[in-house]
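As stored in start_11.csv (CSV, C-alpha atoms and all ligand atoms):
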chain,number,residue,atom,x,y,z
A,1,ASP,CA,159.4,98.4,52.5
A,2,TRP,CA,158.5,98.4,56.1
A,3,THR,CA,160.0,101.3,57.8
A,4,THR,CA,158.8,103.4,60.7
A,5,GLY,CA,158.9,106.4,58.4
A,6,ASN,CA,156.6,104.7,55.9
A,7,VAL,CA,154.2,103.6,58.5
A,8,ILE,CA,154.0,107.1,59.9
A,9,GLU,CA,153.6,108.8,56.5
A,10,GLU,CA,150.9,106.3,55.5
A,11,GLN,CA,148.9,106.7,58.7
A,12,VAL,CA,149.2,110.5,58.7
A,13,ALA,CA,147.7,110.6,55.3
A,14,LEU,CA,144.9,108.2,56.2
A,15,ILE,CA,144.0,109.9,59.4
A,16,ARG,CA,143.9,113.3,57.7
A,17,GLU,CA,141.5,112.0,55.1
A,18,GLN,CA,139.4,110.2,57.7
A,19,VAL,CA,139.0,113.1,60.1
A,20,GLY,CA,138.8,116.0,57.6
A,21,ASP,CA,138.0,119.2,59.5
A,22,LYS,CA,136.3,117.4,62.4
A,23,ARG,CA,137.8,116.8,65.9
A,24,ALA,CA,139.1,113.7,67.7
A,25,ILE,CA,139.6,112.7,71.3
A,26,CYS,CA,142.1,110.3,72.8
A,27,GLY,CA,142.5,109.0,76.3
A,28,LEU,CA,146.0,108.7,77.5
A,29,SER,CA,146.8,106.0,80.1
A,30,GLY,CA,150.5,106.7,80.5
A,31,GLY,CA,151.2,103.5,78.6
A,32,VAL,CA,153.1,103.0,75.3
A,33,ASP,CA,150.1,102.2,73.1
A,34,SER,CA,147.9,105.2,73.8
A,35,ALA,CA,150.9,107.5,73.8
A,36,VAL,CA,152.1,106.4,70.3
A,37,ALA,CA,148.6,106.4,68.9
A,38,ALA,CA,148.0,109.9,70.2
A,39,ALA,CA,151.4,111.1,68.9
A,40,LEU,CA,150.6,109.7,65.5
A,41,VAL,CA,147.2,111.4,65.3
A,42,ALA,CA,148.6,114.6,66.6
A,43,ARG,CA,151.2,114.5,63.8
A,44,ALA,CA,148.3,114.2,61.4
A,45,ILE,CA,145.7,116.6,62.7
A,46,GLY,CA,147.4,118.8,65.3
A,47,SER,CA,145.1,120.8,67.4
A,48,GLN,CA,142.0,119.0,66.1
A,49,LEU,CA,143.0,116.3,68.6
A,50,THR,CA,142.4,116.7,72.3
A,51,CYS,CA,144.0,114.2,74.7
A,52,VAL,CA,142.5,113.4,78.1
A,53,TYR,CA,144.5,112.1,81.0
A,54,VAL,CA,142.7,111.0,84.1
A,55,ASP,CA,145.1,111.3,87.1
A,56,HIS,CA,143.6,108.7,89.5
A,57,GLY,CA,146.4,109.2,91.9
A,58,LEU,CA,147.5,105.5,91.5
A,59,MET,CA,150.4,106.1,89.2
A,60,ARG,CA,154.0,105.6,90.0
A,61,LYS,CA,156.4,108.3,90.9
A,62,GLY,CA,156.9,110.8,88.1
A,63,GLU,CA,154.5,109.2,85.6
A,64,THR,CA,151.9,111.8,85.6
A,65,GLU,CA,154.5,114.5,85.1
A,66,GLN,CA,155.9,112.5,82.3
A,67,VAL,CA,152.6,112.7,80.5
A,68,GLU,CA,151.9,116.3,81.4
A,69,LYS,CA,155.3,117.7,80.6
A,70,ASP,CA,157.5,115.4,78.5
A,71,PHE,CA,154.8,113.9,76.3
A,72,VAL,CA,153.3,117.3,75.6
A,73,ALA,CA,156.7,118.8,74.9
A,74,ALA,CA,157.5,116.0,72.4
A,75,THR,CA,154.2,116.1,70.6
A,76,GLY,CA,152.7,119.6,71.1
A,77,VAL,CA,149.4,117.9,71.8
A,78,LYS,CA,146.4,119.6,73.4
A,79,LEU,CA,146.0,117.9,76.7
A,80,VAL,CA,143.3,118.0,79.4
A,81,VAL,CA,144.5,116.6,82.7
A,82,VAL,CA,141.8,115.7,85.2
A,83,ASP,CA,143.0,115.6,88.8
A,84,ALA,CA,140.7,112.9,90.2
A,85,GLU,CA,142.9,111.6,93.0
A,86,GLU,CA,140.5,112.7,95.8
A,87,ARG,CA,137.6,111.2,94.0
A,88,PHE,CA,139.3,107.8,93.6
A,89,LEU,CA,140.6,107.7,97.1
A,90,THR,CA,137.2,108.5,98.5
A,91,ALA,CA,135.6,105.8,96.3
A,92,LEU,CA,138.3,103.3,97.5
A,93,LYS,CA,138.0,104.1,101.2
A,94,GLY,CA,137.6,101.0,103.3
A,95,VAL,CA,137.9,98.6,100.3
A,96,SER,CA,140.4,95.7,100.5
A,97,ASP,CA,138.9,93.2,98.1
A,98,PRO,CA,140.9,93.1,94.9
A,99,GLU,CA,138.0,92.6,92.5
A,100,GLU,CA,136.0,95.3,94.2
A,101,LYS,CA,139.0,97.7,93.9
A,102,ARG,CA,139.2,97.0,90.2
A,103,LYS,CA,135.5,97.5,89.7
A,104,ILE,CA,135.5,100.8,91.6
A,105,ILE,CA,138.6,102.1,89.7
A,106,GLY,CA,137.2,101.1,86.3
A,107,ARG,CA,133.8,102.7,87.1
A,108,GLU,CA,135.2,105.9,88.4
A,109,PHE,CA,137.6,106.1,85.4
A,110,ILE,CA,134.8,105.9,82.9
A,111,ARG,CA,132.7,108.5,84.7
A,112,VAL,CA,135.6,111.0,84.9
A,113,PHE,CA,136.6,110.3,81.3
A,114,GLU,CA,133.1,110.7,80.0
A,115,GLN,CA,132.7,114.0,81.9
A,116,ALA,CA,135.9,115.4,80.5
A,117,GLN,CA,134.8,114.2,77.1
A,118,ALA,CA,131.4,115.9,77.4
A,119,GLU,CA,133.2,119.2,78.2
A,120,ILE,CA,135.4,118.9,75.2
A,121,ILE,CA,132.4,118.1,73.0
A,122,ALA,CA,130.6,121.2,74.4
A,123,ASP,CA,133.5,123.4,73.4
A,124,GLU,CA,133.3,125.8,70.5
A,125,GLY,CA,134.6,124.1,67.4
A,126,PRO,CA,134.0,121.4,64.8
A,127,ALA,CA,132.1,118.3,65.9
A,128,VAL,CA,134.0,115.6,67.8
A,129,GLU,CA,133.4,112.5,65.8
A,130,PHE,CA,136.4,110.4,66.4
A,131,LEU,CA,138.0,108.5,69.2
A,132,VAL,CA,141.6,107.4,69.1
A,133,GLN,CA,142.5,103.9,70.4
A,134,GLY,CA,145.9,102.3,70.8
A,135,THR,CA,144.7,98.9,69.6
A,136,LEU,CA,147.5,96.7,68.5
A,137,TYR,CA,147.5,93.8,66.1
A,138,PRO,CA,147.4,91.1,68.8
A,139,ASP,CA,144.3,92.8,70.3
A,140,VAL,CA,142.7,92.8,66.9
A,141,VAL,CA,143.3,89.1,66.5
A,142,GLU,CA,142.2,88.3,70.0
A,143,SER,CA,138.9,90.1,69.6
A,144,GLY,CA,138.1,88.5,66.3
A,145,GLY,CA,139.2,91.2,63.9
A,146,GLY,CA,136.1,93.5,64.1
A,147,THR,CA,136.6,97.0,62.8
A,148,GLY,CA,135.2,100.4,62.7
A,149,THR,CA,132.8,101.0,65.5
A,150,ALA,CA,133.4,101.3,69.2
A,151,ASN,CA,133.2,97.7,70.1
A,152,ILE,CA,136.2,97.8,72.3
A,153,LYS,CA,137.0,94.8,74.4
A,154,SER,CA,136.8,95.8,77.9
A,155,HIS,CA,139.8,93.6,78.6
A,156,HIS,CA,140.9,94.5,82.0
A,157,ASN,CA,142.1,97.9,81.0
A,158,VAL,CA,140.9,100.8,82.9
A,159,GLY,CA,140.6,102.5,79.5
A,160,GLY,CA,137.8,100.1,78.5
A,161,LEU,CA,135.0,102.3,77.4
A,162,PRO,CA,131.3,101.6,77.3
A,163,GLU,CA,129.8,100.3,74.1
A,164,ASP,CA,127.2,102.9,73.5
A,165,LEU,CA,129.6,105.5,72.1
A,166,GLU,CA,128.8,107.1,68.9
A,167,PHE,CA,132.3,107.8,67.8
A,168,GLN,CA,134.1,106.4,64.9
A,169,LEU,CA,137.4,104.8,65.9
A,170,ILE,CA,140.8,105.8,64.7
A,171,GLU,CA,143.2,102.9,65.4
A,172,PRO,CA,146.5,103.7,63.7
A,173,LEU,CA,148.4,100.8,65.4
A,174,ARG,CA,146.0,98.0,64.3
A,175,LYS,CA,148.6,96.4,62.1
A,176,LEU,CA,151.6,96.7,64.5
A,177,PHE,CA,153.2,94.5,67.1
A,178,LYS,CA,154.5,96.0,70.3
A,179,ASP,CA,158.1,96.3,69.3
A,180,GLU,CA,157.0,98.0,66.1
A,181,VAL,CA,154.9,100.4,68.1
A,182,ARG,CA,157.9,101.3,70.3
A,183,MET,CA,159.9,101.9,67.1
A,184,VAL,CA,157.2,104.2,65.7
A,185,GLY,CA,157.1,106.0,69.0
A,186,GLN,CA,160.8,106.6,69.0
A,187,GLU,CA,160.7,107.9,65.5
A,188,LEU,CA,158.0,110.3,66.5
A,189,GLY,CA,160.3,111.6,69.2
A,190,LEU,CA,158.6,110.3,72.3
A,191,PRO,CA,160.6,110.2,75.5
A,192,GLU,CA,162.5,106.9,76.1
A,193,GLU,CA,160.7,106.4,79.5
A,194,ILE,CA,157.4,106.3,77.7
A,195,VAL,CA,158.4,104.3,74.6
A,196,GLN,CA,160.3,101.6,76.6
A,197,ARG,CA,157.8,101.4,79.5
A,198,GLN,CA,157.1,98.0,80.9
A,199,PRO,CA,153.5,96.8,81.3
A,200,PHE,CA,151.6,98.5,84.1
A,201,PRO,CA,148.1,97.6,85.1
A,202,GLY,CA,145.3,100.1,84.5
A,203,PRO,CA,144.2,100.1,88.2
A,204,GLY,CA,147.8,101.1,88.9
A,205,LEU,CA,149.2,100.9,92.4
A,206,GLY,CA,145.6,100.4,93.7
A,207,ILE,CA,146.1,96.6,93.1
A,208,ARG,CA,149.7,96.6,94.5
A,209,ILE,CA,148.6,97.5,98.0
A,210,VAL,CA,147.3,94.4,99.8
A,211,GLY,CA,144.7,96.0,102.0
A,212,GLU,CA,143.0,99.4,101.9
A,213,VAL,CA,144.3,102.0,99.5
A,214,THR,CA,145.2,105.3,101.3
A,215,LYS,CA,147.2,108.3,100.2
A,216,GLU,CA,149.9,107.5,102.8
A,217,ARG,CA,150.3,104.0,101.7
A,218,LEU,CA,150.4,105.0,98.0
A,219,ASP,CA,153.2,107.5,98.8
A,220,LEU,CA,155.1,104.8,100.6
A,221,LEU,CA,154.7,102.3,97.8
A,222,ARG,CA,155.7,105.0,95.2
A,223,ASP,CA,159.0,105.6,97.1
A,224,ALA,CA,159.8,101.9,97.3
A,225,ASP,CA,158.8,101.3,93.6
A,226,ALA,CA,161.0,104.2,92.5
A,227,ILE,CA,164.0,102.8,94.3
A,228,ALA,CA,163.5,99.3,92.7
A,229,ARG,CA,163.1,100.8,89.2
A,230,GLU,CA,166.1,103.0,89.7
A,231,GLU,CA,168.3,100.2,90.7
A,232,LEU,CA,167.1,97.8,88.0
A,233,THR,CA,167.7,100.5,85.4
A,234,ALA,CA,171.2,101.2,86.9
A,235,ALA,CA,172.0,97.5,86.6
A,236,GLY,CA,170.8,97.4,83.0
A,237,LEU,CA,168.1,94.9,83.9
A,238,ASP,CA,165.0,96.9,83.1
A,239,ARG,CA,164.9,95.7,79.5
A,240,GLU,CA,165.7,92.2,80.4
A,241,ILE,CA,162.9,91.5,82.8
A,242,TRP,CA,159.3,91.7,81.7
A,243,GLN,CA,158.1,93.8,84.7
A,244,CYS,CA,158.7,94.0,88.4
A,245,PRO,CA,155.7,94.7,90.4
A,246,VAL,CA,156.5,96.2,93.8
A,247,VAL,CA,153.8,95.3,96.4
A,248,LEU,CA,153.1,96.7,99.8
A,249,LEU,CA,151.7,94.3,102.3
A,250,ALA,CA,149.8,97.0,104.1
A,251,ASP,CA,147.8,94.6,106.4
A,252,VAL,CA,150.9,92.7,107.5
A,253,ARG,CA,153.4,93.9,110.1
A,254,SER,CA,156.6,92.3,111.4
A,255,VAL,CA,159.2,93.2,114.0
A,256,GLY,CA,162.4,94.8,113.0
A,257,VAL,CA,165.3,96.6,114.5
A,258,GLN,CA,166.2,99.9,112.9
A,259,GLY,CA,168.2,102.9,114.1
A,260,ASP,CA,167.4,103.3,117.8
A,261,GLY,CA,165.4,100.3,118.3
A,262,ARG,CA,162.5,98.0,117.6
A,263,THR,CA,160.1,98.7,114.8
A,264,TYR,CA,156.9,97.2,113.7
A,265,GLY,CA,156.6,97.9,110.0
A,266,HIS,CA,155.3,96.6,106.7
A,267,PRO,CA,157.0,94.2,104.2
A,268,ILE,CA,157.6,95.2,100.6
A,269,VAL,CA,157.5,92.4,98.0
A,270,LEU,CA,159.6,92.4,94.9
A,271,ARG,CA,158.0,90.4,92.0
A,272,PRO,CA,160.4,90.5,89.1
A,273,VAL,CA,159.3,88.2,86.3
A,274,SER,CA,160.4,87.1,82.8
A,275,SER,CA,157.7,86.4,80.3
A,276,GLU,CA,156.8,86.5,76.6
A,277,ASP,CA,153.2,87.6,76.8
A,278,ALA,CA,152.2,87.7,80.5
A,279,MET,CA,150.1,84.5,80.1
A,280,THR,CA,152.8,82.5,81.8
A,281,ALA,CA,155.8,83.8,83.6
A,282,ASP,CA,158.9,82.8,85.5
A,283,TRP,CA,160.4,84.6,88.4
A,284,SER,CA,163.6,86.4,87.4
A,285,ARG,CA,166.9,85.2,88.8
A,286,LEU,CA,168.2,88.7,89.6
A,287,PRO,CA,171.7,89.1,90.8
A,288,TYR,CA,172.0,89.0,94.5
A,289,GLU,CA,174.0,92.3,94.6
A,290,VAL,CA,171.1,94.1,92.8
A,291,LEU,CA,168.5,92.6,95.2
A,292,ALA,CA,170.7,93.5,98.2
A,293,LYS,CA,171.0,97.1,97.0
A,294,ILE,CA,167.3,97.4,96.5
A,295,SER,CA,166.6,95.9,99.9
A,296,THR,CA,169.1,98.1,101.7
A,297,ARG,CA,167.8,101.2,100.1
A,298,ILE,CA,164.2,100.5,100.6
A,299,THR,CA,164.5,99.7,104.3
A,300,ASN,CA,166.8,102.7,104.8
A,301,GLU,CA,164.8,105.3,102.8
A,302,VAL,CA,161.2,104.3,103.1
A,303,ARG,CA,159.4,105.1,106.3
A,304,ASP,CA,157.5,102.2,107.9
A,305,VAL,CA,159.1,99.5,105.8
A,306,ASN,CA,161.4,97.2,107.7
A,307,ARG,CA,161.5,94.1,105.5
A,308,VAL,CA,161.9,93.3,101.8
A,309,VAL,CA,160.9,89.9,100.4
A,310,LEU,CA,161.3,88.3,97.0
A,311,ASP,CA,158.5,86.4,95.3
A,312,VAL,CA,159.9,83.2,93.8
A,313,THR,CA,156.6,81.9,92.3
A,314,SER,CA,156.1,81.3,88.6
A,315,LYS,CA,152.8,81.9,86.8
A,316,PRO,CA,151.0,79.6,87.1
A,317,PRO,CA,150.3,79.2,90.0
A,318,GLY,CA,150.9,82.8,91.0
A,319,THR,CA,149.6,85.6,88.8
A,320,ILE,CA,152.1,88.4,88.1
A,321,GLU,CA,150.2,90.9,90.1
A,322,TRP,CA,149.3,90.1,93.7
A,323,GLU,CA,145.7,91.2,93.3
B,401,LIG,P1,148.4,88.8,86.0
B,401,LIG,O1,148.5,89.4,87.4
B,401,LIG,O2,147.0,88.5,85.6
B,401,LIG,O3,148.8,90.0,85.0
B,401,LIG,O4,149.3,87.7,85.8
B,401,LIG,C1,149.1,89.7,83.6
B,401,LIG,C2,149.5,91.0,83.0
B,401,LIG,O5,148.4,91.9,83.0
B,401,LIG,C3,148.7,93.1,83.7
B,401,LIG,N1,147.4,93.4,84.5
B,401,LIG,C4,146.6,94.4,84.1
B,401,LIG,N2,146.6,95.2,83.1
B,401,LIG,N3,144.6,96.1,83.8
B,401,LIG,C5,145.6,96.2,83.0
B,401,LIG,O6,145.7,97.0,82.1
B,401,LIG,C6,144.5,95.3,84.8
B,401,LIG,O7,143.5,95.3,85.6
B,401,LIG,C7,145.5,94.3,85.0
B,401,LIG,N4,145.8,93.3,85.9
B,401,LIG,C8,146.9,92.8,85.5
B,401,LIG,C9,149.8,92.7,84.7
B,401,LIG,O8,150.6,93.9,85.0
B,401,LIG,C10,150.6,91.8,83.8
B,401,LIG,O9,151.4,92.5,82.8
Before we go any further, please render this structure as structure tokens.
Ligand code: XMP
Amino acid sequence: DWTTGNVIEEQVALIREQVGDKRAICGLSGGVDSAVAAALVARAIGSQLTCVYVDHGLMRKGETEQVEKDFVAATGVKLVVVDAEERFLTALKGVSDPEEKRKIIGREFIRVFEQAQAEIIADEGPAVEFLVQGTLYPDVVESGGGTGTANIKSHHNVGGLPEDLEFQLIEPLRKLFKDEVRMVGQELGLPEEIVQRQPFPGPGLGIRIVGEVTKERLDLLRDADAIAREELTAAGLDREIWQCPVVLLADVRSVGVQGDGRTYGHPIVLRPVSSEDAMTADWSRLPYEVLAKISTRITNEVRDVNRVVLDVTSKPPGTIEWE
């Protein structure tokens, strides 16, 4: 019988046998897959697992705290948080090209992660021989079903690791689909916000600012994004839409009239889409009242934003993200 309870029990036994008295490492991205994989492994081997979370400063409002506090509270996992915001912002300084941003973020991520990993390995304690990955069944199929060693498809995930690792992989979600992973996560007691999280790109808000990424712009986008998410959730639409990127057109200004007079601010783009697998997508026909509420709140509450626009492009031709 397929039950989440059985899956957990079976995996816990397997992982215990595989790891023995050695240690394992797991990178957390804030996403569902790595969180559930880590929670499952933590259930099996407790403090023999160390999780690493690289805070690149490109997360949405509250997401890092969610990992630091709520995830740790729910799992009791040993977590190393690396605050690398400065480093990422410095590396991204002056860069507007989307592909270049992705490359920089990916490269810095691997460097920071590897350094944290090296420090953990150098700790007193049993050898670190295992790396936990949140690979799902569709990923396995997509990459040809290989198993065992660290041949991880680099995909476009920031978590894509170099191929010269000498770890053995633990992939407890290899047989599961996304909805099953969410069920397992729920059964393991993970917070709703993590288990039901919509897709979010590895490079984070770095690719939702059209133009250079700066701390000020990130803070502004975080505020706008938080409002959109709040209102979509309040309207009960967060589960219905696939995801809703909120994009800051940092290099564009338009004239507005706010409060005492004329403003010259930036537009925010809402990009709500419906999709099955992100390969194709349609723009979501959100109720006007919800759009109106989001628009009013963003222009009232977010400094320097005087216009909210709706993206009504399907994919193709438009990708879901703007960069
Ligand atoms: P696009 O923009 O290509 O996005 O239509 C398809 C899906 O992939 C997500 N996405 C990414 N995910 N790293 C990721 O982990 C990335 O670099 C990346 N770029 C896009 C996007 O949010 C959507 O769900």
#### Entry: Expected answer as a list in words: residues within 7 Å of ligand LIG 401 (chain B), all atoms listed in the file
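Result of the 7 Å neighbour search around ligand LIG 401 (chain B): Arg102, His156, Asn157, Val158, Pro199, Phe200, Pro201, Gly202, Pro203, Ala278, Met279, Lys315, Thr319, Ile320, Glu321, Trp322 and Glu323 of chain A.
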### Query
Could you work out how far atom CA of Glu180 of chain A lies from atom CA of Gly5 of chain A, giving the answer in Å with one decimal?
11.6 Å
### Best match for closeness to Ile241 of chain A among A:Ala281, A:Val213, A:Ala73, A:Leu205, counting all atoms listed in the file
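Using all atoms listed in the file, the shortest distance to Ile241 of chain A belongs to A:Ala281.
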How close does each residue of segment 9-99 of chain A get to segment 112-134 of chain A, giving the shortest atom pair and distance in Å to one decimal for every residue with an atom at most 6 Å away, counting only C-alpha atoms, sorted by chain and residue number, as a tab-separated table?
residue	atom	partner	partner_atom	distance
A:Lys22	CA	A:Pro126	CA	5.2
A:Arg23	CA	A:Val128	CA	4.4
A:Ala24	CA	A:Phe130	CA	4.5
A:Ile25	CA	A:Leu131	CA	5.0
A:Cys26	CA	A:Val132	CA	4.7
A:Asp33	CA	A:Gly134	CA	4.8
A:Ser34	CA	A:Gly134	CA	4.6
A:Ala37	CA	A:Gly134	CA	5.3
### Message
Quick check, in Å to one decimal: how far apart do atom CA of Ile294 of chain A and atom CA of Val67 of chain A lie?
### Response
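Straight-line distance from atom CA of Ile294 of chain A to atom CA of Val67 of chain A works out to 26.6 Å.
When only C-alpha atoms are used to compute distances to Leu173 of chain A, the closest of the residues A:Leu136, A:Leu28, A:Val141, A:Leu89 turns out to be A:Leu136.
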### Task
Rank A:Ile207, A:Leu220, A:Ile227, A:Val81 by their smallest atom-to-atom distance to Val290 of chain A, using all atoms listed in the file, and report the top residue only.
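Using all atoms listed in the file, Val290 of chain A sits closest to A:Ile227.
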### Message
Could you tell me how far atom CA of Arg182 of chain A sits from atom CA of Tyr137 of chain A, in Å to one decimal place?
### Response
13.5 Å
### Message
Measuring between only C-alpha atoms, which one of A:Ile170, A:Ala74, A:Ala38, A:Val80 shows the shortest distance to Val19 of chain A?
### Response
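Using only C-alpha atoms, Val19 of chain A sits closest to A:Ile170.
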